[in-house]
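Peer 1: File name model-v1.tsv; file contents TSV, C-alpha atoms and all ligand atoms; full text below.
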```
chain	number	residue	atom	x	y	z
A	192	MET	CA	0.00	0.00	0.00
A	193	ARG	CA	1.18	3.51	-0.63
A	194	LEU	CA	1.94	5.57	2.39
A	195	LYS	CA	3.23	9.08	2.52
A	196	SER	CA	6.45	9.82	4.32
A	197	ALA	CA	8.40	13.03	4.52
A	198	SER	CA	11.69	11.19	4.73
A	199	ILE	CA	11.47	8.77	1.82
A	200	ASN	CA	10.23	9.27	-1.71
A	201	ARG	CA	7.76	7.00	-3.42
A	202	ARG	CA	10.33	4.93	-5.31
A	203	GLU	CA	12.07	4.24	-2.04
A	204	LEU	CA	8.73	3.26	-0.57
A	205	LEU	CA	8.25	0.79	-3.38
A	206	ARG	CA	11.69	-0.64	-3.02
A	207	SER	CA	11.30	-0.89	0.72
A	208	GLY	CA	7.93	-2.60	0.47
A	209	LEU	CA	5.65	0.26	1.37
A	210	GLY	CA	4.41	0.80	-2.13
A	211	ALA	CA	1.99	-2.02	-2.50
A	212	VAL	CA	-0.28	-0.11	-4.80
A	213	ALA	CA	1.97	0.79	-7.67
A	214	GLY	CA	2.24	0.12	-11.33
A	215	GLY	CA	1.76	1.59	-14.75
A	216	LEU	CA	-0.94	4.02	-15.65
A	217	VAL	CA	-2.76	5.30	-18.62
A	218	LEU	CA	-4.61	8.37	-17.46
A	219	GLY	CA	-7.87	9.36	-19.02
A	220	CYS	CA	-9.15	5.80	-19.14
A	221	ARG	CA	-12.67	6.06	-17.75
A	222	SER	CA	-14.16	3.15	-15.89
A	223	ARG	CA	-17.72	1.95	-15.65
A	224	GLY	CA	-17.47	2.94	-11.98
A	225	LEU	CA	-18.30	0.88	-8.96
A	226	ALA	CA	-21.51	0.06	-7.24
A	227	ARG	CA	-20.51	1.48	-3.86
A	228	SER	CA	-21.89	-1.51	-1.97
A	229	GLU	CA	-19.44	-3.81	-3.83
A	230	LEU	CA	-16.61	-2.90	-1.46
A	231	VAL	CA	-16.97	-3.73	2.21
A	232	PRO	CA	-14.92	-1.52	4.59
A	233	VAL	CA	-12.31	-3.24	6.75
A	234	ARG	CA	-13.28	-3.34	10.45
A	235	VAL	CA	-10.31	-1.77	12.26
A	236	SER	CA	-10.28	-2.17	16.02
A	237	TRP	CA	-7.81	-3.26	18.68
A	238	ASP	CA	-9.88	-6.26	19.75
A	239	LEU	CA	-9.38	-7.72	16.24
A	240	VAL	CA	-5.57	-7.58	16.45
A	241	GLN	CA	-3.97	-11.05	16.22
A	242	ARG	CA	-0.29	-10.10	16.22
A	243	THR	CA	2.33	-7.55	15.13
A	244	VAL	CA	5.16	-8.68	12.85
A	245	VAL	CA	8.47	-6.94	12.20
A	246	GLY	CA	11.06	-7.52	9.47
A	247	LEU	CA	14.27	-6.00	8.07
A	248	ARG	CA	14.19	-5.40	4.33
A	249	PRO	CA	17.67	-5.94	2.79
A	250	PHE	CA	18.19	-2.65	0.95
A	251	ARG	CA	21.01	-1.65	-1.43
A	252	ARG	CA	20.74	1.75	-3.04
A	253	SER	CA	22.42	0.59	-6.25
A	254	GLY	CA	20.08	-2.42	-6.48
A	255	PHE	CA	20.20	-6.13	-5.65
A	256	LYS	CA	23.42	-8.11	-6.03
A	257	VAL	CA	23.54	-11.15	-8.29
A	258	GLU	CA	27.17	-11.93	-8.98
A	259	ARG	CA	29.55	-14.88	-9.22
A	260	GLU	CA	32.90	-14.93	-7.41
A	261	SER	CA	35.60	-17.62	-7.28
A	262	PHE	CA	37.52	-18.38	-4.08
A	263	GLY	CA	40.24	-21.03	-4.31
A	264	GLY	CA	38.24	-23.71	-6.06
A	265	LYS	CA	34.84	-22.60	-4.71
A	266	GLU	CA	32.19	-20.82	-6.74
A	267	LEU	CA	30.10	-18.36	-4.74
A	268	ILE	CA	26.99	-16.84	-6.34
A	269	HIS	CA	25.34	-13.93	-4.51
A	270	ASN	CA	21.59	-13.31	-4.70
A	271	TYR	CA	20.56	-10.73	-2.10
A	272	GLY	CA	19.70	-7.08	-1.46
A	273	HIS	CA	16.16	-6.85	-2.91
A	274	GLY	CA	14.84	-4.24	-0.47
A	275	GLY	CA	11.06	-4.15	-0.38
A	276	ALA	CA	10.63	-6.10	-3.61
A	277	GLY	CA	12.08	-9.54	-2.85
A	278	LEU	CA	8.77	-11.38	-2.97
A	279	SER	CA	8.08	-9.74	-6.32
A	280	LEU	CA	11.49	-10.20	-7.92
A	281	CYS	CA	12.31	-13.64	-6.47
A	282	TRP	CA	11.84	-15.90	-9.52
A	283	GLY	CA	13.53	-13.51	-11.94
A	284	SER	CA	16.47	-12.76	-9.67
A	285	SER	CA	16.98	-16.43	-8.81
A	286	GLU	CA	16.79	-17.37	-12.50
A	287	PHE	CA	19.56	-14.81	-13.13
A	288	ALA	CA	21.61	-16.27	-10.24
A	289	VAL	CA	21.21	-19.82	-11.55
A	290	GLU	CA	22.25	-18.66	-15.04
A	291	GLN	CA	25.66	-17.87	-13.54
A	292	VAL	CA	26.35	-21.62	-13.42
A	293	ALA	CA	24.63	-22.50	-16.70
A	294	SER	CA	27.83	-23.93	-18.16
A	295	THR	CA	28.67	-25.99	-15.04
A	296	VAL	CA	27.70	-29.66	-14.98
A	297	PRO	CA	24.95	-30.01	-12.34
A	298	ARG	CA	26.09	-31.74	-9.14
A	299	ARG	CA	25.74	-31.09	-5.41
A	300	CYS	CA	25.47	-27.48	-4.30
A	301	ALA	CA	24.65	-25.44	-1.22
A	302	VAL	CA	22.14	-22.61	-0.85
A	303	ILE	CA	22.59	-20.42	2.23
A	304	GLY	CA	19.28	-18.93	3.32
A	305	CYS	CA	15.73	-20.24	3.42
A	306	GLY	CA	13.79	-17.06	2.67
A	307	VAL	CA	12.17	-16.48	-0.70
A	308	MET	CA	15.52	-16.07	-2.53
A	309	GLY	CA	17.01	-19.26	-1.13
A	310	LEU	CA	13.87	-21.27	-1.82
A	311	THR	CA	13.32	-20.08	-5.40
A	312	THR	CA	17.04	-20.50	-6.16
A	313	ALA	CA	16.87	-24.04	-4.79
A	314	ARG	CA	13.80	-24.92	-6.87
A	315	LEU	CA	15.30	-23.57	-10.10
A	316	LEU	CA	18.53	-25.47	-9.44
A	317	GLN	CA	16.61	-28.69	-8.78
A	318	GLU	CA	14.73	-28.26	-12.06
A	319	ARG	CA	18.13	-28.09	-13.79
A	320	GLY	CA	19.38	-31.32	-12.17
A	321	TRP	CA	21.32	-29.99	-9.15
A	322	ALA	CA	21.20	-31.80	-5.77
A	323	VAL	CA	20.54	-28.99	-3.29
A	324	THR	CA	21.12	-28.59	0.43
A	325	ILE	CA	19.76	-25.41	2.02
A	326	TYR	CA	21.58	-24.22	5.14
A	327	ALA	CA	19.90	-21.45	7.14
A	328	LYS	CA	19.73	-19.91	10.56
A	329	ASP	CA	15.94	-19.38	10.33
A	330	LEU	CA	13.37	-21.30	8.34
A	331	PRO	CA	9.80	-20.28	7.39
A	332	PRO	CA	7.70	-19.06	9.17
A	333	ASN	CA	10.55	-17.19	10.90
A	334	THR	CA	12.15	-15.35	7.96
A	335	THR	CA	11.83	-11.74	6.77
A	336	SER	CA	10.14	-13.14	3.69
A	337	ASN	CA	7.26	-14.36	5.88
A	338	VAL	CA	6.71	-10.79	7.13
A	339	ALA	CA	6.12	-9.34	3.64
A	340	GLY	CA	2.54	-8.46	2.55
A	341	ALA	CA	3.11	-9.15	-0.29
A	342	THR	CA	2.01	-7.44	-3.44
A	343	PHE	CA	3.90	-7.62	-6.71
A	344	SER	CA	5.49	-4.15	-6.50
A	345	VAL	CA	8.51	-3.23	-8.57
A	346	GLY	CA	9.91	0.20	-9.22
A	347	PRO	CA	13.33	1.04	-10.66
A	348	ASP	CA	15.21	3.80	-8.86
A	349	PRO	CA	16.66	6.81	-10.70
A	350	ALA	CA	19.93	5.97	-8.89
A	351	PHE	CA	20.24	2.67	-10.78
A	352	SER	CA	22.99	2.62	-13.42
A	353	ALA	CA	21.92	2.20	-17.06
A	354	LYS	CA	23.52	-1.26	-17.04
A	355	PHE	CA	21.67	-2.33	-13.90
A	356	LEU	CA	18.37	-0.95	-15.22
A	357	LYS	CA	18.53	-3.43	-18.10
A	358	VAL	CA	19.09	-6.30	-15.67
A	359	TYR	CA	16.29	-5.02	-13.39
A	360	ASP	CA	13.86	-4.78	-16.27
A	361	ARG	CA	14.62	-8.33	-17.42
A	362	VAL	CA	14.46	-9.75	-13.89
A	363	ALA	CA	11.14	-7.98	-13.13
A	364	ARG	CA	9.53	-9.26	-16.32
A	365	ALA	CA	10.75	-12.83	-15.77
A	366	ALA	CA	9.56	-12.70	-12.15
A	367	PHE	CA	6.11	-11.54	-13.21
A	368	ARG	CA	5.82	-14.35	-15.79
A	369	HIS	CA	6.75	-16.96	-13.17
A	370	HIS	CA	4.25	-15.66	-10.61
A	371	GLU	CA	1.50	-15.33	-13.18
A	372	SER	CA	2.00	-18.92	-14.33
A	373	ARG	CA	1.43	-20.11	-10.73
A	374	ILE	CA	-1.95	-18.41	-10.22
A	375	GLY	CA	-4.52	-20.98	-9.12
A	376	GLN	CA	-1.84	-23.67	-8.65
A	377	GLY	CA	-1.73	-23.65	-4.82
A	378	TYR	CA	1.08	-21.08	-4.44
A	379	GLY	CA	-1.12	-18.42	-2.83
A	380	VAL	CA	-0.66	-16.13	-5.85
A	381	ARG	CA	-3.77	-14.38	-7.20
A	382	TRP	CA	-5.16	-11.27	-8.86
A	383	ILE	CA	-6.80	-8.63	-6.68
A	384	ASP	CA	-8.03	-5.06	-7.22
A	385	GLY	CA	-5.88	-2.38	-5.60
A	386	TYR	CA	-6.97	1.24	-5.06
A	387	GLU	CA	-4.86	4.27	-4.28
A	388	GLU	CA	-5.18	8.02	-4.51
A	389	ALA	CA	-4.27	9.24	-8.00
A	390	THR	CA	-1.63	11.95	-7.89
A	391	ASP	CA	0.76	13.41	-10.46
A	392	GLU	CA	3.58	11.62	-8.68
A	393	SER	CA	1.91	8.21	-8.90
A	394	VAL	CA	1.22	8.73	-12.61
A	395	GLU	CA	4.85	9.58	-13.32
A	396	GLU	CA	6.20	6.65	-11.36
A	397	LEU	CA	3.75	4.15	-12.74
A	398	ASP	CA	5.06	4.88	-16.21
A	399	ALA	CA	8.52	3.60	-15.19
A	400	ASP	CA	7.17	0.22	-14.06
A	401	PRO	CA	8.68	-2.60	-16.19
A	402	VAL	CA	5.53	-4.72	-16.13
A	403	VAL	CA	3.01	-1.91	-16.60
A	404	ASP	CA	1.56	-3.57	-19.69
A	405	HIS	CA	0.34	-6.51	-17.56
A	406	TYR	CA	-1.90	-4.42	-15.30
A	407	ARG	CA	-5.37	-3.22	-15.99
A	408	VAL	CA	-5.30	0.36	-14.73
A	409	GLU	CA	-8.27	2.72	-14.58
A	410	THR	CA	-8.84	6.14	-13.09
A	411	LEU	CA	-12.03	6.72	-11.15
A	412	GLY	CA	-13.63	10.10	-10.52
A	413	LYS	CA	-15.22	11.10	-7.22
A	414	ALA	CA	-18.63	9.68	-8.12
A	415	GLU	CA	-17.19	6.35	-9.18
A	416	HIS	CA	-15.61	5.09	-5.97
A	417	PRO	CA	-16.45	4.97	-2.23
A	418	PHE	CA	-13.07	6.12	-0.88
A	419	PRO	CA	-12.30	9.44	0.86
A	420	TRP	CA	-10.09	10.51	-2.06
A	421	GLU	CA	-10.84	12.71	-5.07
A	422	ARG	CA	-9.36	10.69	-7.90
A	423	VAL	CA	-8.49	7.03	-7.58
A	424	LEU	CA	-6.23	4.61	-9.45
A	425	LYS	CA	-7.69	1.15	-9.67
A	426	ARG	CA	-5.23	-1.53	-10.65
A	427	ARG	CA	-5.64	-5.27	-11.06
A	428	MET	CA	-2.54	-6.47	-9.22
A	429	LEU	CA	-0.84	-9.67	-8.06
A	430	LEU	CA	-1.04	-10.66	-4.40
A	431	ILE	CA	1.45	-13.22	-3.11
A	432	GLU	CA	0.19	-14.72	0.16
A	433	THR	CA	3.59	-15.29	1.75
A	434	PRO	CA	2.70	-18.01	4.31
A	435	ILE	CA	1.15	-20.16	1.55
A	436	PHE	CA	3.85	-19.39	-1.02
A	437	LEU	CA	6.82	-20.13	1.25
A	438	ASP	CA	5.28	-23.32	2.69
A	439	ARG	CA	4.66	-24.56	-0.82
A	440	LEU	CA	8.30	-23.90	-1.84
A	441	VAL	CA	9.62	-25.71	1.26
A	442	GLN	CA	7.44	-28.72	0.40
A	443	GLU	CA	8.65	-28.70	-3.22
A	444	VAL	CA	12.32	-28.48	-2.24
A	445	ARG	CA	11.93	-31.51	0.04
A	446	ALA	CA	9.74	-33.45	-2.40
A	447	SER	CA	12.47	-33.02	-5.04
A	448	GLY	CA	15.10	-34.58	-2.76
A	449	GLY	CA	16.47	-31.34	-1.28
A	450	ARG	CA	17.73	-31.20	2.30
A	451	ILE	CA	17.10	-28.27	4.64
A	452	VAL	CA	19.61	-27.94	7.48
A	453	THR	CA	19.38	-25.40	10.31
A	454	GLN	CA	22.83	-23.85	10.63
A	455	GLU	CA	24.16	-20.36	11.34
A	456	PHE	CA	27.39	-19.14	9.72
A	457	GLN	CA	29.56	-16.62	11.57
A	458	ASP	CA	31.69	-15.47	8.64
A	459	ALA	CA	32.55	-16.02	4.98
A	460	ALA	CA	35.26	-18.54	5.88
A	461	SER	CA	32.70	-20.85	7.51
A	462	VAL	CA	30.50	-20.65	4.39
A	463	LEU	CA	33.46	-21.45	2.16
A	464	ALA	CA	34.38	-24.39	4.41
A	465	LEU	CA	31.21	-26.22	3.32
A	466	GLU	CA	31.91	-29.43	1.40
A	467	GLU	CA	29.86	-28.27	-1.61
A	468	ASP	CA	32.04	-26.36	-4.09
A	469	VAL	CA	29.15	-24.34	-5.56
A	470	VAL	CA	27.45	-22.10	-2.99
A	471	PHE	CA	24.57	-19.63	-3.46
A	472	ASN	CA	24.44	-16.79	-0.94
A	473	CYS	CA	20.77	-15.90	-0.34
A	474	THR	CA	21.12	-14.51	3.17
A	475	GLY	CA	19.17	-11.25	2.80
A	476	ILE	CA	20.29	-8.70	5.39
A	477	GLY	CA	22.64	-11.37	6.83
A	478	ALA	CA	24.97	-10.84	3.84
A	479	ARG	CA	26.23	-7.58	5.35
A	480	ALA	CA	27.93	-9.31	8.28
A	481	LEU	CA	28.88	-12.46	6.37
A	482	PHE	CA	30.45	-10.82	3.33
A	483	GLY	CA	31.15	-7.25	4.53
A	484	ASP	CA	28.75	-5.53	2.14
A	485	GLU	CA	28.40	-2.12	3.76
A	486	GLU	CA	26.02	-0.82	1.14
A	487	LEU	CA	23.44	-3.29	2.44
A	488	ILE	CA	21.26	-1.71	5.14
A	489	PRO	CA	18.06	-2.75	6.90
A	490	VAL	CA	14.78	-0.96	6.35
A	491	LYS	CA	12.67	-1.97	9.30
A	492	GLY	CA	8.99	-2.56	8.62
A	493	GLN	CA	6.02	-3.91	10.50
A	494	TYR	CA	2.41	-4.94	10.07
A	495	THR	CA	-0.38	-5.19	12.57
A	496	ILE	CA	-2.42	-8.25	11.60
A	497	LEU	CA	-6.15	-8.24	12.28
A	498	LYS	CA	-8.38	-11.32	12.29
A	499	PRO	CA	-9.35	-12.47	8.78
A	500	GLN	CA	-12.29	-10.69	7.13
A	501	PRO	CA	-13.12	-12.86	4.10
A	502	GLU	CA	-15.74	-10.35	2.92
A	503	VAL	CA	-12.90	-7.88	2.17
A	504	ASP	CA	-11.30	-8.70	-1.17
A	505	TYR	CA	-9.50	-5.56	-2.37
A	506	ILE	CA	-6.45	-3.56	-1.33
A	507	ALA	CA	-6.72	0.07	-0.27
A	508	GLU	CA	-5.19	0.99	3.10
A	509	ALA	CA	-4.91	-2.66	4.14
A	510	ILE	CA	-3.93	-5.97	2.55
A	511	PRO	CA	-6.44	-8.82	2.97
A	512	ARG	CA	-4.92	-12.31	3.22
A	513	GLU	CA	-6.34	-15.69	4.17
A	514	ASP	CA	-4.60	-15.49	7.57
A	515	GLY	CA	-5.58	-11.90	8.36
A	516	ILE	CA	-5.80	-8.23	7.37
A	517	LEU	CA	-2.46	-6.39	7.28
A	518	ILE	CA	-2.31	-2.79	8.51
A	519	GLY	CA	0.92	-0.81	8.18
A	520	THR	CA	3.63	-0.51	7.23
A	521	THR	CA	6.58	1.52	8.43
A	522	GLY	CA	9.97	2.05	6.77
A	523	GLN	CA	12.90	3.00	8.99
A	524	PHE	CA	16.21	3.10	7.14
A	525	GLY	CA	19.22	1.80	9.05
A	526	GLU	CA	17.13	0.51	11.98
A	527	TRP	CA	18.15	-2.99	13.20
A	528	SER	CA	15.69	-3.41	16.09
A	529	LEU	CA	13.09	-6.14	15.71
A	530	GLU	CA	10.94	-4.66	18.48
A	531	PRO	CA	7.51	-3.45	17.30
A	532	ASP	CA	7.20	0.34	17.14
A	533	ARG	CA	4.01	0.81	19.20
A	534	ASP	CA	3.64	4.54	18.42
A	535	ALA	CA	3.75	3.84	14.70
A	536	GLU	CA	1.31	0.98	15.17
A	537	ARG	CA	-1.19	3.31	16.89
A	538	ARG	CA	-0.80	5.87	14.08
A	539	TYR	CA	-1.41	3.34	11.31
A	540	MET	CA	-4.33	1.73	13.12
A	541	GLU	CA	-5.91	5.16	13.65
A	542	ARG	CA	-5.27	6.16	10.04
A	543	ALA	CA	-6.84	2.94	8.73
A	544	ARG	CA	-9.82	3.23	11.08
A	545	ALA	CA	-10.51	6.81	9.94
A	546	PHE	CA	-10.09	5.81	6.28
A	547	TYR	CA	-12.57	2.94	6.37
A	548	GLU	CA	-15.07	4.87	8.52
A	549	ALA	CA	-15.04	7.61	5.88
A	550	MET	CA	-15.85	5.14	3.08
A	551	GLU	CA	-19.26	5.71	1.54
A	552	THR	CA	-21.15	2.42	1.61
A	601	LIG	C1	7.06	-5.12	6.35
A	601	LIG	C2	7.57	-5.64	5.01
A	601	LIG	C3	6.75	-5.58	3.89
A	601	LIG	C4	7.22	-6.07	2.67
A	601	LIG	N1	6.38	-6.04	1.59
A	601	LIG	C5	6.79	-6.54	0.40
A	601	LIG	C6	5.91	-6.55	-0.72
A	601	LIG	O1	4.75	-6.12	-0.63
A	601	LIG	N2	6.38	-7.05	-1.89
A	601	LIG	C7	7.64	-7.55	-2.01
A	601	LIG	O2	8.01	-8.00	-3.11
A	601	LIG	N3	8.50	-7.57	-0.97
A	601	LIG	C8	8.12	-7.06	0.24
A	601	LIG	N4	8.98	-7.02	1.31
A	601	LIG	C9	10.41	-7.35	1.08
A	601	LIG	C10	10.73	-8.83	1.19
A	601	LIG	O3	10.25	-9.33	2.40
A	601	LIG	C11	12.26	-9.03	1.09
A	601	LIG	O4	12.79	-8.40	-0.04
A	601	LIG	C12	12.56	-10.53	0.99
A	601	LIG	O5	11.94	-11.21	2.05
A	601	LIG	C13	14.06	-10.83	0.99
A	601	LIG	O6	14.17	-12.23	0.90
A	601	LIG	P1	15.52	-12.98	1.20
A	601	LIG	O7	15.28	-14.41	0.93
A	601	LIG	O8	16.63	-12.29	0.50
A	601	LIG	O9	15.79	-12.72	2.77
A	601	LIG	P2	15.16	-13.41	4.07
A	601	LIG	O10	13.73	-13.72	3.94
A	601	LIG	O11	15.59	-12.55	5.22
A	601	LIG	O12	15.95	-14.79	4.15
A	601	LIG	C14	17.31	-14.82	4.52
A	601	LIG	C15	17.69	-16.22	4.94
A	601	LIG	O13	19.09	-16.25	5.19
A	601	LIG	C16	19.32	-16.78	6.48
A	601	LIG	N5	20.57	-16.22	7.03
A	601	LIG	C17	20.90	-14.92	7.16
A	601	LIG	N6	22.11	-14.81	7.73
A	601	LIG	C18	22.55	-16.08	7.98
A	601	LIG	C19	23.72	-16.63	8.56
A	601	LIG	N7	24.70	-15.85	9.05
A	601	LIG	N8	23.82	-17.99	8.65
A	601	LIG	C20	22.83	-18.79	8.20
A	601	LIG	N9	21.70	-18.31	7.64
A	601	LIG	C21	21.56	-16.98	7.52
A	601	LIG	C22	18.09	-16.40	7.28
A	601	LIG	O14	17.96	-17.19	8.45
A	601	LIG	C23	17.01	-16.68	6.23
A	601	LIG	O15	16.72	-18.06	6.18
A	601	LIG	C24	8.54	-6.59	2.55
A	601	LIG	C25	9.34	-6.67	3.70
A	601	LIG	C26	8.87	-6.19	4.92
A	601	LIG	C27	9.75	-6.30	6.13
```
Taking this structure as input, can you express it in the form of structure tokens?
Ligand SMILES: Cc1cc2nc3c(=O)[nH]c(=O)nc-3n(C[C@H](O)[C@H](O)[C@H](O)COP(=O)(O)OP(=O)(O)OC[C@H]3O[C@@H](n4cnc5c(N)ncnc54)[C@H](O)[C@@H]3O)c2cc1C

Peer 2:
Amino acid sequence: MRLKSASINRRELLRSGLGAVAGGLVLGCRSRGLARSELVPVRVSWDLVQRTVVGLRPFRRSGFKVERESFGGKELIHNYGHGGAGLSLCWGSSEFAVEQVASTVPRRCAVIGCGVMGLTTARLLQERGWAVTIYAKDLPPNTTSNVAGATFSVGPDPAFSAKFLKVYDRVARAAFRHHESRIGQGYGVRWIDGYEEATDESVEELDADPVVDHYRVETLGKAEHPFPWERVLKRRMLLIETPIFLDRLVQEVRASGGRIVTQEFQDAASVLALEEDVVFNCTGIGARALFGDEELIPVKGQYTILKPQPEVDYIAEAIPREDGILIGTTGQFGEWSLEPDRDAERRYMERARAFYEAMET
């Protein structure tokens, strides 16, 4: 969902996972409008709160790192640093990582990390004949990936180099194709309508979205929607229900003969001491300490999760999932604490309550 912040611009919001409602836009496209009663407001109250979740997005200003390095007979392939777009970019980025060993005869290999990057990398390797062992400190449901909303939200940053932009574009398109092909196949990936306030800024940024041509985007005038906004962007978007998606990937890795071992590495030397001579580094924010990448910083985020409300099936200020309604989320750059920010939680709960109470039904 799109949230305003004085300290971060909208592209940063997207890349740090706050920009759930994003995408391409063709303005001037009139819609048939909505019967106001079609959309049921979310009930926002403290007695419906199930839990608060916190995660650290692995953010690199210059973009994610997919790169192969050789260390005395070992091949190390990095795949980390996806900020707030890891659930979106996972298949495309992991495909790019696996391409780095395309000319190597498949054999045993190690994947470090059991978040969405580790799991999609493992699955793509298995499909190409590799025997995979995943080593990770935390497994689902205890990874950052489990905290994500998650909507398919990608947005290139003006700070990206021209060379990286080409990679980003390719990765985003490939990722979208993979997710789309899994709709209705038990991965928790589906289409949903998202609504956000239409502003000049959102129009401009939507145009830069690499998969804009896959969305159905409409603009709605005041009389055509129930929200307390003047002009609204309605976009058919992809929702990735993370608990379902990650569980399914874990099952697939195991069903294809993969092993998942709980193990924490203290430094690069301990990773390189593994018996496998091909190692994929999918450690998210953990890569900073393991491999000394100082560009990699956390962007702390959190959601307050309300009890499920199956009658709500659209995204506006909240994300509806099978396991609950997500309210949030914050984006604190450089913050390592995993403690919930209770002041921010109160602000977002209050904001969501006021928003849904103001809906015309
Ligand atoms: C609040 C919030 C909302 C978000 N919303 C979205 C969204 O809407 N859309 C979207 O696309 N993305 C979203 N994201 C971003 C997304 O969650 C991340 O980009 C993604 O989870 C990164 O995946 P990963 O596999 O690289 O890292 P992780 O999920 O953190 O996995 C890293 C793995 O490496 C392991 N590891 C780390 N260090 C070590 C070590 N030293 N030894 C052994 N194992 C180690 C960990 O235990 C874990 O298994 C959101 C994130 C947050 C926090």

Peer 1: Sort by chain and increasing residue number a table of all residues of segment 308-327 of chain A within 12 Å of segment 467-473 of chain A, each with its closest pair of atoms and their distance in Å to one decimal, counting all atoms listed in the file, and write it as JSON lines.

Peer 2:
```
{"residue": "A:Met308", "atom": "CA", "partner": "A:Cys473", "partner_atom": "CA", "distance": 5.7}
{"residue": "A:Gly309", "atom": "CA", "partner": "A:Cys473", "partner_atom": "CA", "distance": 5.1}
{"residue": "A:Leu310", "atom": "CA", "partner": "A:Cys473", "partner_atom": "CA", "distance": 8.9}
{"residue": "A:Thr311", "atom": "CA", "partner": "A:Cys473", "partner_atom": "CA", "distance": 9.9}
{"residue": "A:Thr312", "atom": "CA", "partner": "A:Phe471", "partner_atom": "CA", "distance": 8.0}
{"residue": "A:Ala313", "atom": "CA", "partner": "A:Phe471", "partner_atom": "CA", "distance": 9.0}
{"residue": "A:Leu316", "atom": "CA", "partner": "A:Phe471", "partner_atom": "CA", "distance": 10.3}
{"residue": "A:Trp321", "atom": "CA", "partner": "A:Val469", "partner_atom": "CA", "distance": 10.3}
{"residue": "A:Ala322", "atom": "CA", "partner": "A:Glu467", "partner_atom": "CA", "distance": 10.2}
{"residue": "A:Val323", "atom": "CA", "partner": "A:Glu467", "partner_atom": "CA", "distance": 9.5}
{"residue": "A:Thr324", "atom": "CA", "partner": "A:Glu467", "partner_atom": "CA", "distance": 9.0}
{"residue": "A:Ile325", "atom": "CA", "partner": "A:Phe471", "partner_atom": "CA", "distance": 9.3}
{"residue": "A:Tyr326", "atom": "CA", "partner": "A:Cys473", "partner_atom": "CA", "distance": 10.0}
{"residue": "A:Ala327", "atom": "CA", "partner": "A:Cys473", "partner_atom": "CA", "distance": 9.4}
```

Peer 1: From the set A:Leu437, A:Ala543, A:Ala399, A:Val408, which residue has the shortest atom-to-atom contact distance to ligand LIG 601 (chain A), counting all atoms listed in the file?

Peer 2: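 Looking only at the distances to ligand LIG 601 (chain A), the closest residue turns out to be A:Leu437.
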
Peer 1: So which one's closest to Val441 of chain A, A:Arg364, A:His370, A:Arg537, A:Arg314? Using only C-alpha atoms, please.

Peer 2: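 Among the listed residues, the smallest separation from Val441 of chain A belongs to A:Arg314.
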
Peer 1: Nearest residue to Arg533 of chain A out of A:Val292, A:Val307, A:Val244, A:Val257, using all atoms listed in the file?

Peer 2: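 Closest residue, counting all atoms listed in the file: A:Val244.
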
Peer 1: Show which residues sit within 12 Å of Val503 of chain A, as a list in words. Count all atoms listed in the file, and ignore same-chain residues fewer than 2 positions away.

Peer 2: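 Here the answer would be Ser228, Glu229, Leu230, Val231, Pro232, Val233, Arg234, Ile383, Asp384, Gly385, Lys498, Pro499, Gln500, Pro501, Tyr505, Ile506, Ala507, Glu508, Ala509, Ile510, Pro511, Arg512, Glu513, Gly515, Ile516, Leu517 and Tyr547 of chain A.
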
Peer 1: Give the answer as one residue: which of A:Leu529, A:Leu278, A:Val490, A:Ile451 has the shortest atom-to-atom distance to Pro249 of chain A, using only C-alpha atoms?

Peer 2: A:Val490

Peer 1: Please list as a list in words every residue within 7 Å of Ile518 of chain A, counting all atoms listed in the file and excluding residues in the same chain fewer than 5 positions away.

Peer 2: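 Near neighbours after the sequence-gap exclusion: Tyr494, Thr495, Ile496, Ala509, Ile510, Tyr539 and Met540 of chain A.
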